[in-house]
$ cat query.csv   # CSV, C-alpha atoms and all ligand atoms
chain,number,residue,atom,x,y,z
A,786,MET,CA,0.0,0.0,0.0
A,787,SER,CA,1.2,3.5,-0.7
A,788,GLY,CA,0.4,6.4,1.5
A,789,PRO,CA,-0.3,10.0,0.5
A,790,GLY,CA,2.5,11.5,-1.6
A,791,GLU,CA,4.3,8.2,-2.1
A,792,PRO,CA,4.7,6.8,-5.6
A,793,GLY,CA,1.9,4.7,-6.8
A,794,PRO,CA,2.3,1.3,-8.4
A,795,THR,CA,3.3,2.7,-11.8
A,796,GLY,CA,5.8,5.1,-10.2
A,797,THR,CA,3.7,8.2,-10.7
A,798,THR,CA,2.3,10.2,-7.9
A,799,PRO,CA,-1.4,10.8,-7.8
A,800,ARG,CA,-1.1,14.6,-7.2
A,801,GLY,CA,0.8,17.4,-8.9
A,802,ASP,CA,0.5,16.2,-12.4
A,803,GLY,CA,-2.0,18.9,-13.4
A,804,SER,CA,-5.0,16.6,-13.3
A,805,HIS,CA,-7.5,16.1,-10.5
A,806,ARG,CA,-7.6,12.4,-10.3
A,807,ALA,CA,-6.8,12.6,-6.7
A,808,SER,CA,-9.9,14.5,-5.8
A,809,GLU,CA,-12.4,13.4,-8.5
A,810,ARG,CA,-13.1,9.8,-7.4
A,811,TRP,CA,-15.3,7.8,-5.1
A,812,ILE,CA,-14.2,7.3,-1.5
A,813,THR,CA,-15.6,5.4,1.4
A,814,CYS,CA,-15.8,7.4,4.6
A,815,ALA,CA,-15.3,6.2,8.1
A,816,ALA,CA,-19.0,5.6,8.4
A,817,GLY,CA,-19.0,3.3,5.4
A,818,HIS,CA,-20.8,5.7,2.9
A,819,ARG,CA,-19.6,6.1,-0.6
A,820,HIS,CA,-19.0,9.7,-1.5
A,821,TRP,CA,-17.8,11.5,-4.7
A,822,GLY,CA,-14.8,13.7,-3.9
A,823,ALA,CA,-11.8,12.5,-1.9
A,824,PHE,CA,-11.5,15.9,-0.2
A,825,GLY,CA,-15.2,16.5,0.2
A,826,ALA,CA,-17.5,18.4,-2.1
A,827,ALA,CA,-19.2,21.8,-2.3
A,828,GLY,CA,-22.2,23.4,-4.0
A,829,MET,CA,-23.9,26.7,-4.4
A,830,LEU,CA,-27.4,27.5,-3.4
A,831,ILE,CA,-28.1,30.7,-5.4
A,832,SER,CA,-31.1,32.8,-4.6
A,833,THR,CA,-32.8,36.0,-5.7
A,834,SER,CA,-35.8,38.0,-4.5
A,835,GLY,CA,-38.8,37.5,-6.7
A,836,SER,CA,-42.0,39.5,-6.6
A,837,ASP,CA,-43.6,36.6,-4.9
A,838,GLY,CA,-40.8,35.5,-2.5
A,839,ASP,CA,-37.3,34.1,-3.0
A,840,LEU,CA,-36.4,32.0,-6.1
A,841,HIS,CA,-33.6,29.5,-6.0
A,842,LEU,CA,-31.5,28.1,-8.8
A,843,VAL,CA,-31.8,24.3,-9.1
A,844,VAL,CA,-30.3,22.0,-11.7
A,845,ARG,CA,-31.4,18.6,-12.9
A,846,ARG,CA,-28.6,16.1,-13.0
A,847,ALA,CA,-28.1,14.4,-16.3
A,848,LEU,CA,-29.1,10.7,-16.3
A,849,TRP,CA,-25.5,9.4,-16.5
A,850,VAL,CA,-24.5,11.2,-13.3
A,851,HIS,CA,-24.8,9.7,-9.8
A,852,GLU,CA,-28.4,10.3,-8.7
A,853,GLY,CA,-29.2,11.3,-12.3
A,854,GLY,CA,-32.6,12.8,-13.0
A,855,THR,CA,-32.8,14.4,-9.5
A,856,TRP,CA,-32.8,18.1,-8.8
A,857,SER,CA,-30.1,19.7,-6.8
A,858,ILE,CA,-27.8,22.6,-6.6
A,859,PRO,CA,-24.7,22.9,-8.9
A,860,GLY,CA,-21.6,21.6,-7.2
A,861,GLY,CA,-19.0,18.8,-7.1
A,862,ALA,CA,-15.7,17.5,-5.8
A,863,ARG,CA,-13.4,19.8,-4.0
A,864,HIS,CA,-9.7,19.8,-5.1
A,865,ALA,CA,-7.1,19.3,-2.5
A,866,ASP,CA,-5.7,22.8,-2.9
A,867,GLU,CA,-8.8,24.9,-2.9
A,868,THR,CA,-11.3,26.3,-0.4
A,869,ALA,CA,-14.8,24.9,-0.3
A,870,GLU,CA,-16.0,28.4,-1.4
A,871,ALA,CA,-13.7,28.3,-4.5
A,872,ALA,CA,-14.7,24.7,-5.2
A,873,ALA,CA,-18.4,25.6,-5.1
A,874,ALA,CA,-18.0,28.5,-7.5
A,875,ARG,CA,-15.7,26.6,-9.9
A,876,GLU,CA,-18.1,23.6,-10.1
A,877,THR,CA,-21.1,25.9,-10.6
A,878,VAL,CA,-19.4,27.7,-13.5
A,879,GLU,CA,-18.4,24.3,-15.0
A,880,GLU,CA,-22.0,23.1,-14.8
A,881,ILE,CA,-24.1,26.1,-15.8
A,882,GLY,CA,-21.7,28.7,-17.2
A,883,PRO,CA,-20.5,32.1,-16.0
A,884,LEU,CA,-22.0,33.6,-12.9
A,885,PRO,CA,-23.1,37.2,-12.5
A,886,GLU,CA,-21.9,39.2,-9.5
A,887,PHE,CA,-23.0,37.5,-6.3
A,888,SER,CA,-22.7,38.1,-2.6
A,889,VAL,CA,-22.1,35.2,-0.2
A,890,LEU,CA,-24.7,34.9,2.5
A,891,SER,CA,-23.3,32.0,4.4
A,892,VAL,CA,-20.9,29.0,4.1
A,893,GLY,CA,-22.0,25.9,5.9
A,894,THR,CA,-20.0,22.7,6.1
A,895,GLU,CA,-21.6,19.5,7.3
A,896,ASP,CA,-19.9,16.3,8.1
A,897,CYS,CA,-21.7,13.1,7.1
A,898,GLY,CA,-20.7,11.5,10.4
A,899,GLY,CA,-17.7,9.7,8.9
A,900,GLY,CA,-15.3,12.6,8.2
A,901,TRP,CA,-16.5,13.5,4.7
A,902,THR,CA,-17.9,17.0,4.3
A,903,PHE,CA,-20.2,18.8,2.0
A,904,THR,CA,-20.1,22.6,2.0
A,905,THR,CA,-23.1,24.6,0.9
A,906,VAL,CA,-22.4,28.2,-0.1
A,907,ARG,CA,-25.5,30.3,-0.1
A,908,ALA,CA,-25.3,33.2,-2.4
A,909,ALA,CA,-27.6,36.0,-3.6
A,910,VAL,CA,-27.8,37.6,-7.0
A,911,ALA,CA,-29.7,40.7,-8.1
A,912,ALA,CA,-31.9,38.9,-10.6
A,913,PRO,CA,-32.4,35.5,-12.2
A,914,PHE,CA,-29.9,34.7,-14.9
A,915,SER,CA,-30.1,31.9,-17.5
A,916,GLY,CA,-27.7,29.1,-16.9
A,917,ARG,CA,-26.5,27.1,-19.9
A,918,LEU,CA,-26.8,23.3,-20.0
A,919,SER,CA,-23.7,21.0,-19.8
A,920,ALA,CA,-22.8,17.3,-19.9
A,921,GLU,CA,-23.8,17.1,-16.2
A,922,VAL,CA,-26.9,19.3,-16.2
A,923,ASP,CA,-29.9,18.9,-18.5
A,924,ASP,CA,-32.2,21.5,-17.0
A,925,VAL,CA,-31.8,24.7,-15.0
A,926,ARG,CA,-34.7,26.5,-13.3
A,927,TRP,CA,-35.4,29.2,-10.8
A,928,LEU,CA,-38.1,28.0,-8.4
A,929,ALA,CA,-39.7,28.9,-5.1
A,930,VAL,CA,-39.4,26.4,-2.4
A,931,ARG,CA,-43.1,25.5,-2.7
A,932,GLU,CA,-42.4,24.3,-6.2
A,933,PHE,CA,-39.8,21.8,-5.0
A,934,ALA,CA,-42.7,19.6,-3.8
A,935,GLY,CA,-43.3,18.1,-7.2
A,936,LEU,CA,-39.7,17.4,-8.0
A,937,ALA,CA,-37.5,14.4,-7.4
A,938,LEU,CA,-34.9,16.0,-5.2
A,939,HIS,CA,-31.4,14.7,-4.7
A,940,PRO,CA,-31.4,13.0,-1.3
A,941,GLY,CA,-28.5,15.2,0.0
A,942,PHE,CA,-30.3,18.4,-1.1
A,943,ARG,CA,-33.5,17.3,0.5
A,944,ASP,CA,-31.7,16.6,3.8
A,945,TYR,CA,-30.1,20.1,3.6
A,946,LEU,CA,-33.5,21.8,3.0
A,947,GLU,CA,-35.1,19.8,5.8
A,948,ARG,CA,-32.3,20.5,8.3
A,949,HIS,CA,-32.5,24.2,7.5
A,950,GLN,CA,-36.2,24.2,7.6
A,951,LEU,CA,-36.4,25.5,4.0
A,952,LEU,CA,-38.9,22.8,2.9
A,1001,ZN,ZN,-20.0,9.5,4.9
$ encode --input "query.csv" --output "structure tokens"
Amino acid sequence: MSGPGEPGPTGTTPRGDGSHRASERWITCAAGHRHWGAFGAAGMLISTSGSDGDLHLVVRRALWVHEGGTWSIPGGARHADETAEAAAARETVEEIGPLPEFSVLSVGTEDCGGGWTFTTVRAAVAAPFSGRLSAEVDDVRWLAVREFAGLALHPGFRDYLERHQLL
């Protein structure tokens, strides 16, 4: 077995080669769950004030992605060398395109119970913007929380909404 930073079986090191193979993989945490992202993951819950209450940007995950077909926030695996906030913004841009100016409302990191973390960055924008689709996202919508009821929500996103009493 090789430890962190030691050469792997082929003599290459898993980090520092310009790719992110080290972070973008499945791991099993101490509680026995499988998670995507060796260094945790992060996403952005982007909101704006509508005439009839707050609207939130949600994305539908493409069918080939884990939990495909469910609705969630944009996000993904955190790289070893970046903050959760930077990871959330980078993954969001990768999934739905450039972001307008936003202000960060809160950054909340939650541990699954086995040492793996997901960080939710809540951000506000002045007005809804149109996200583009990507390989990982096949629909983007701005919805009020009451409209979430009819959607198949990603289990992790549903947990977050329930814990924060947003549902
Ligand atoms: Zn876990």
$ atom_distance --input "query.csv" --atom1 "atom CA of Thr877 of chain A" --atom2 "atom CA of Leu928 of chain A"
17.3 Å
$ residues_around --input "query.csv" --residues "Ala815 of chain A" --least-positions-apart "6" --cutoff "9 Å" --atoms "only C-alpha atoms" --output "list of chain:residue names"
A:Gly898, A:Gly899, A:Gly900, A:Trp901
$ closest_residue --input "query.csv" --among "A:Leu951, A:Val892, A:Cys814, A:Val843" --to "ligand ZN 1001 (chain A)" --atoms "only C-alpha atoms and all ligand atoms"
A:Cys814
$ atom_distance --input "query.csv" --atom1 "atom CA of Ala912 of chain A" --atom2 "atom CA of Leu946 of chain A"
21.9 Å
$ atom_distance --input "query.csv" --atom1 "atom CA of Ile812 of chain A" --atom2 "atom CA of Cys897 of chain A"
12.8 Å
$ residues_around --input "query.csv" --residues "segment 884-890 of chain A" --least-positions-apart "3" --cutoff "8 Å" --atoms "all atoms listed in the file" --output "ChimeraX atom specification"
/A:878,906-911,914
$ closest_residue --input "query.csv" --among "A:Phe903, A:Phe942, A:Trp849, A:Trp927" --to "ligand ZN 1001 (chain A)" --atoms "all atoms listed in the file"
A:Phe903
$ closest_residue --input "query.csv" --among "A:Ala807, A:Val844, A:Ala816, A:Ala865" --to "ligand ZN 1001 (chain A)" --atoms "all atoms listed in the file"
A:Ala816
